[in-house]
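Asks: Can you read through this structure? Questions will come right after.
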There are 2 protein chains.
Amino acid sequence: MKKATPCIRRGKLKVESLERAAETLKLLAHPQRLRLIEILERDKEVPVHTLVAETGFPQAVVSQHLNQLRRVGLLSAKRRGKEMLYTICDPRALSILNCICTHCSEGDFEHE
Amino acid sequence: MKKATPCIRRGKLKVESLERAAETLKLLAHPQRLRLIEILERDKEVPVHTLVAETGFPQAVVSQHLNQLRRVGLLSAKRRGKEMLYTICDPRALSILNCICTHCSEGDFEHE
DNA sequence: TTAAAAAATACAAATATGTCAATACATAAA
DNA sequence: TTTATGTATTGACATATTTGTATTTTTTAA
């Protein structure tokens with residue numbers, strides 16, 4: 001996982017920087033992808049078929065989401081036999097999920 | 001500005017909670033809206049025409065962005081004469097911008 | 001009242017995203 | 001090799017977002 005250097009914000013962000021930031025946020029802005037990240041946060045290294053089983057989403061959908069998240073560097077993947085193990089490799093994925101949950105209450109969670 | 005209560009995450013987030021989170025993130029996931037938030041962070045209460053002048057975006061575009069951000073509760077607005085003053089009212093808007101900038105370097109900023 | 005300034009809205013065109021089914025690819029085991 | 005399992009990719013389609021132009025509303029001041 002990349003190191004999270006504290007941000008020193010001075011001046012205005014360049015348009016290109018804003019665009020990259022927006023692209024990253026856009027990929028996080030999807031309920032199914034947030035669910036995948038939630039699971040990956042808990043289980044660290046997870047093969048696709050497990051994510052399919054846990055979420056109930058179609059395999060193609062899960063695979064597409066994972067690839068998108070990997071493309072922008074939020075996730076990484078490595079092969080283990082037939083499986084592909086996905087991992088969160090950008091701490092922003094987690095901190096944004098936490099941040100967005102700042103206003104979550106008990107009622108936002110499922111209790112088993 | 002709402003108080004940011006720390007998030008205690010237990011169990012899985014409900015689908016509806018994920019959907020609300022995704023909706024909020026989606027609105028932040030736009031370079032122009034991020035720029036507006038950046039300016040609002042600095043200047044606190046800003047009328048639309050100032051945002052138009054600072055960004056160079058068309059008035060209708062700025063107005064639409066501001067309304068979208070207000071609809072999900074990230075911004076609030078109050079009238080002062082002919083002007084509408086916009087303010088950030090959800091701290092998540094700021095913390096997500098900060099969070100996304102975790103990996104920003106000097107080169108991401110414009111130096112005047 | 002009328003005119004001007006500030007902001008919001010409506011609508012259509014262009015673009016981007018999401019979804020689904022089918023298919024292709026990769027690996028391991030028989 | 002053949003087969004089975006696990007993933008990735010493709011193409012068609014529906015839906016959503018973005019953007020631009022024009023118009024409308026709201027408010028103040030003449």
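By order of appearance in the structure tokens: chains A, B, ..., then residues from 1 within every chain, and ligands from 1 in the order shown.
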Compile the residues of chain B that lie within 9 Å of chain A, evaluated using only C-alpha atoms, and express the compilation as a PyMOL selection string.
Replies: chain B and resi 3-32+34-35+38-39+92+95-112
Asks: Please identify all polymer residues within 8 Å of stretch 14-23 of chain D, counting only C-alpha atoms (C1' of nucleotides), omitting same-chain residues fewer than 5 positions from it, and present them as a list of chain:residue names.
Replies: B:Val61, C:DA10, C:DT15, C:DA16, C:DT17, C:DG18
Asks: Among chain B, which residues carry a DSSP assignment of helix (DSSP H, G or I), reported as JSON, numbers by chain?
Replies: {"B": [15, 16, 17, 18, 19, 20, 21, 22, 23, 24, 25, 26, 27, 28, 31, 32, 33, 34, 35, 36, 37, 38, 39, 40, 41, 42, 43, 48, 49, 50, 51, 52, 53, 54, 55, 59, 60, 61, 62, 63, 64, 65, 66, 67, 68, 69, 70, 71, 91, 92, 93, 94, 95, 96, 97, 98, 99, 100, 101, 102, 103, 106, 107, 108]}
Asks: Can you work out which residues from chain B touch chain C at a cut-off of 10 Å (counting only C-alpha atoms (C1' of nucleotides)) and hand them back as a ChimeraX atom specification?
Replies: /B:47-49,59-60,62-64,67,81-84
Asks: Just list as a PyMOL selection string whatever in chain B DSSP marks as strand (DSSP E).
Replies: chain B and resi 46-47+75-80+83-88
